[in-house]
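Notes for the one structure printed next.
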Amino acid sequence: MIDFEFTEDHRIVAELARDVVNKYLKPKIAELDRSGAHDPDFISYLKDADLLGVCIPEKYGGMGMDYISLGLVCEEMEYVDTSARVIFSVHTGLNSMTLYSWGNDLQKEKYLIPQAKGEKIGTFGLTEPAAGSDAVGILSTAEKHGGKYILNGEKMWISLADVADNFLIFAWTDNVKKNNRDHSGISAFIVERGFSGVTTGSIHGKLGVRAGNTGWISLQDTEVPEENLLGHEGEGFKIAMACLDSGRYTVAAGSTGLIRACMDTCKEYASTRKTFQQSIDHHQLVKEMFAEMVYGYEAGRLLWLKAGWLRNIGTRATRETSLAKWFCTDQAEKAAYNAVQIHGAYGYSDEYPVERYFRNAKGAAIYEGTREIHKLMQADYLLGFRADKEVRCPLPAYEE
Ligand SMILES: Cc1cc2nc3c(=O)[nH]c(=O)nc-3n(C[C@H](O)[C@H](O)[C@H](O)COP(=O)(O)OP(=O)(O)OC[C@H]3O[C@@H](n4cnc5c(N)ncnc54)[C@H](O)[C@@H]3O)c2cc1C
C-alpha cells in the first residue's frame, strides 16, 4: 500500500527545523546576504538542535530518523535561505552519509560520530579549477609512501571550504589510469584541516548563496595516513557518485522549500498590490505564474519523496534522485524568476527576498550535476545506455 501520510516524527522534525531556521537565521539573512557574510553561529544552533545528524543512526551519534526527515529538514532550511540547506547537502548528505555507507568501524568512530553530533563539520571536495561535470578530468594526485599518502592538488567551488574540519578529497592513486582517463584510478580520502599542507580560502563576488561559505582547498604535499583511505584504492569515483546521490536528494528537497517561499511571498504581495483597480492576484496572467509554482512544488515534492522512500527501504535511487534534482531545481529557478516578475520593480531590489531566491536558485541548476548532465542521465537510462549496478557499500536502509 502506498501511504502519503507523514508520521508524527516527520512533523516534529520539520517543526524543529522550521523553529531553528526562523529563530536564528531568518532575522539576519537579508543583511548576511547583502554583505556576503557567513554566520558560523548558525551551524552551532543546528548542532544544539541535533539536526546535523538527522538521518544518521543513534549508535553513530545521530538522531536516528529516516531519509524523508532529512528531506523535510532541507525543505525547511531552504524556505529561509539556500545557504542553510547547503550545510545539510555537504555536511550530512555528501560527507556523513558517505562515511555511514563506506566508512570502516574506525573511520565511523573517529569521523562519523563527531560529525553526526555536529562537533565537527564535514564537506566534499571533488571539483577542481579545470574539472566539474567531467570528474575524471581532476588532476589531484595521491602517492603512497610507506604508511601514508602524499596528496597534491587544488579543489575549487567547495561549500564550507573555510568552515569544515574534515574534507572528503578525491585524487588519482594510479598515474597510468589517470593518463587513460580510467576512473578506477581515483581514490577517496578523509583529510583533516589540521593535516600538513592544507590551506583554504573563500570565493567572493558570488551571484547567490552569499550567506554561505564557498571556497577553495589547496593540498601541498599533504600527508594522509593510509587508514584515512575511504573504501578501497580505486573506488573513489564510485564513492563520489554515491556521495552525489545523497547530496542531490538534499538539493531536490531543498528546492521545493524555495518554491514554497516564492509562493508565500508572492501571495502576500499580490493580494495587496493593486493595478487597474484590482489586486494583481486577480489578473489571469499573474495567476498563471502562481499555477506554475504550485505545479513545480507539488510534482517536485512527489519526486523527492519517492527518492526518499526508496532510500528508506534500501533501494538504490540514482535515477529517481537525478530526476528529482533536475525537476525541482528547474522548477525553483522558474518559480523565483516568476516571483521577481510578480513583484514588478519591487522584485528588482532587496527590499523583498525574491531577488535573493532568484540568485540562489541559479546555483542549484549548476552544482551536484548541471541541468544538462541530468538530462543526459535521464535520456541514457531511457535509451538503455545506462543502468545502475549494485554498489559494494550501499546506503543502509532506515531501521526504526
Ligand atoms: C555555489 C556552489 C557550490 C558548490 N559546492 C561544491 C562542493 O561543495 N564540492 C564540489 O566538489 N563542488 C562544488 N561545486 C562545483 C559544482 O559541482 C560544479 O560547478 C559543477 O559540477 C559543474 O562543473 P563546472 O562548473 O566545472 O562546469 P562545466 O563542467 O565546465 O560545465 C560548463 C557547462 O557545460 C555544460 N556541459 C558540460 N559537459 C556537458 C556535456 N557532456 N553535455 C552537455 N553539456 C555539458 C554544463 O552543463 C555547463 O552548462 C559548487 C558549485 C557552486 C556554484
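Going through the C-alpha cells in order, the chains are called A, B, and so on, while each chain numbers its residues from 1 and the ligands are numbered from 1 in the order shown.
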
Could you give me, as a tab-separated table, every chain A residue with an atom at most 7 Å from ligand 1, plus its closest atom pair and distance in Å to one decimal, counting only C-alpha atoms and all ligand atoms, rows ordered by chain then number?
```
residue	atom	partner	partner_atom_place_in_ligand_line	distance
A:Val90	CA	ligand 1	8 (O)	6.0
A:Thr123	CA	ligand 1	8 (O)	6.3
A:Phe124	CA	ligand 1	9 (N)	4.9
A:Gly125	CA	ligand 1	11 (O)	4.2
A:Leu126	CA	ligand 1	11 (O)	3.6
A:Thr127	CA	ligand 1	11 (O)	3.9
A:Ala130	CA	ligand 1	26 (O)	6.5
A:Ala131	CA	ligand 1	26 (O)	5.0
A:Gly132	CA	ligand 1	23 (O)	3.2
A:Ser133	CA	ligand 1	29 (O)	3.6
A:Asp134	CA	ligand 1	29 (O)	5.7
A:Met156	CA	ligand 1	12 (N)	6.8
A:Trp157	CA	ligand 1	50 (C)	4.6
A:Ile158	CA	ligand 1	7 (C)	3.7
A:Ser159	CA	ligand 1	8 (O)	3.8
A:Leu160	CA	ligand 1	8 (O)	7.0
A:Val209	CA	ligand 1	1 (C)	6.3
A:Thr214	CA	ligand 1	3 (C)	6.1
A:Gly363	CA	ligand 1	53 (C)	5.1
A:Ile366	CA	ligand 1	20 (C)	5.4
A:Tyr367	CA	ligand 1	17 (O)	3.8
A:Glu368	CA	ligand 1	17 (O)	4.8
A:Gly369	CA	ligand 1	21 (O)	5.2
A:Thr370	CA	ligand 1	47 (O)	4.7
A:Arg371	CA	ligand 1	47 (O)	6.0
A:Glu372	CA	ligand 1	47 (O)	4.4
A:Ile373	CA	ligand 1	47 (O)	5.8
```

Dump as a PDB file, in the first residue's frame, selection limited to C-alpha atoms:
```
ATOM      1  CA  VAL A  90      27.607  18.913   2.114  1.00  0.00           C
ATOM      2  CA  THR A 123      32.433  18.786   3.359  1.00  0.00           C
ATOM      3  CA  PHE A 124      33.149  17.333  -0.073  1.00  0.00           C
ATOM      4  CA  GLY A 125      35.993  18.222  -2.432  1.00  0.00           C
ATOM      5  CA  LEU A 126      35.653  16.835  -5.920  1.00  0.00           C
ATOM      6  CA  THR A 127      35.550  19.877  -8.239  1.00  0.00           C
ATOM      7  CA  ALA A 130      39.581  22.663 -14.631  1.00  0.00           C
ATOM      8  CA  ALA A 131      37.104  19.863 -13.863  1.00  0.00           C
ATOM      9  CA  GLY A 132      33.494  19.952 -12.685  1.00  0.00           C
ATOM     10  CA  SER A 133      30.996  17.869 -14.663  1.00  0.00           C
ATOM     11  CA  ASP A 134      33.877  15.857 -16.058  1.00  0.00           C
ATOM     12  CA  MET A 156      37.594  24.736  -6.228  1.00  0.00           C
ATOM     13  CA  TRP A 157      33.993  25.762  -5.558  1.00  0.00           C
ATOM     14  CA  ILE A 158      33.865  23.803  -2.321  1.00  0.00           C
ATOM     15  CA  SER A 159      30.975  24.635   0.009  1.00  0.00           C
ATOM     16  CA  LEU A 160      32.119  25.312   3.588  1.00  0.00           C
ATOM     17  CA  VAL A 209      24.299  31.650  -1.695  1.00  0.00           C
ATOM     18  CA  THR A 214      32.168  28.634  -0.780  1.00  0.00           C
ATOM     19  CA  GLY A 363      23.319  27.773  -8.312  1.00  0.00           C
ATOM     20  CA  ILE A 366      24.779  24.048 -11.676  1.00  0.00           C
ATOM     21  CA  TYR A 367      26.068  22.158  -8.631  1.00  0.00           C
ATOM     22  CA  GLU A 368      25.571  18.438  -7.955  1.00  0.00           C
ATOM     23  CA  GLY A 369      25.206  17.783 -11.671  1.00  0.00           C
ATOM     24  CA  THR A 370      24.196  20.564 -14.011  1.00  0.00           C
ATOM     25  CA  ARG A 371      20.779  20.545 -15.652  1.00  0.00           C
ATOM     26  CA  GLU A 372      22.431  19.254 -18.826  1.00  0.00           C
ATOM     27  CA  ILE A 373      24.135  16.352 -17.031  1.00  0.00           C
TER      28      ILE A 373
END
```

So which residues touch Lys59 (chain A) within 12 Å, counting only C-alpha atoms, skipping near sequence neighbours fewer than 3 positions away, as a count of residues only?
-> 17

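The protein and nucleic acid residues lying at most 12 Å from Glu15 (chain A) are Glu8, Asp9, His10, Arg11, Ile12, Val13, Ala17, Arg18, Asp19, Val20, Val21, Asn22, Lys23, Ala49, Leu51, Ser69, Leu72, Val73, Cys74, Glu75, Glu76 and Met77 of chain A, with only C-alpha atoms considered and sequence neighbours fewer than 2 positions away removed.
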
As a VMD selection string, list the residues of region 37-127 of chain A assigned to alpha helix (DSSP H) by DSSP on the backbone atoms of this structure.
-> chain A and resid 40 to 48 67 to 80 82 to 87 97 to 102 105 to 107 113 to 117

Interface rows for region 101-200 of chain A against region 227-242 of chain A: nearest pair, Å to one decimal, 7 Å, only C-alpha atoms, as JSON lines:
```
{"residue": "A:Trp102", "atom": "CA", "partner": "A:Gly231", "partner_atom": "CA", "distance": 5.8}
{"residue": "A:Gly103", "atom": "CA", "partner": "A:Leu230", "partner_atom": "CA", "distance": 6.1}
{"residue": "A:Phe170", "atom": "CA", "partner": "A:Gly236", "partner_atom": "CA", "distance": 6.3}
{"residue": "A:His183", "atom": "CA", "partner": "A:Phe237", "partner_atom": "CA", "distance": 6.0}
{"residue": "A:Ser184", "atom": "CA", "partner": "A:Gly234", "partner_atom": "CA", "distance": 4.7}
{"residue": "A:Gly185", "atom": "CA", "partner": "A:Gly234", "partner_atom": "CA", "distance": 4.8}
{"residue": "A:Ile186", "atom": "CA", "partner": "A:Gly236", "partner_atom": "CA", "distance": 4.9}
{"residue": "A:Ser187", "atom": "CA", "partner": "A:Gly236", "partner_atom": "CA", "distance": 3.7}
{"residue": "A:Ala188", "atom": "CA", "partner": "A:Gly236", "partner_atom": "CA", "distance": 4.4}
{"residue": "A:Phe189", "atom": "CA", "partner": "A:Leu229", "partner_atom": "CA", "distance": 4.6}
{"residue": "A:Ile190", "atom": "CA", "partner": "A:Asn228", "partner_atom": "CA", "distance": 5.2}
```

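Residues with any atom within 8 Å of Leu305 (chain A), counting only C-alpha atoms and excluding same-chain neighbours fewer than 4 positions away, are Ile68, Gly71, Arg301 and Trp309 of chain A.
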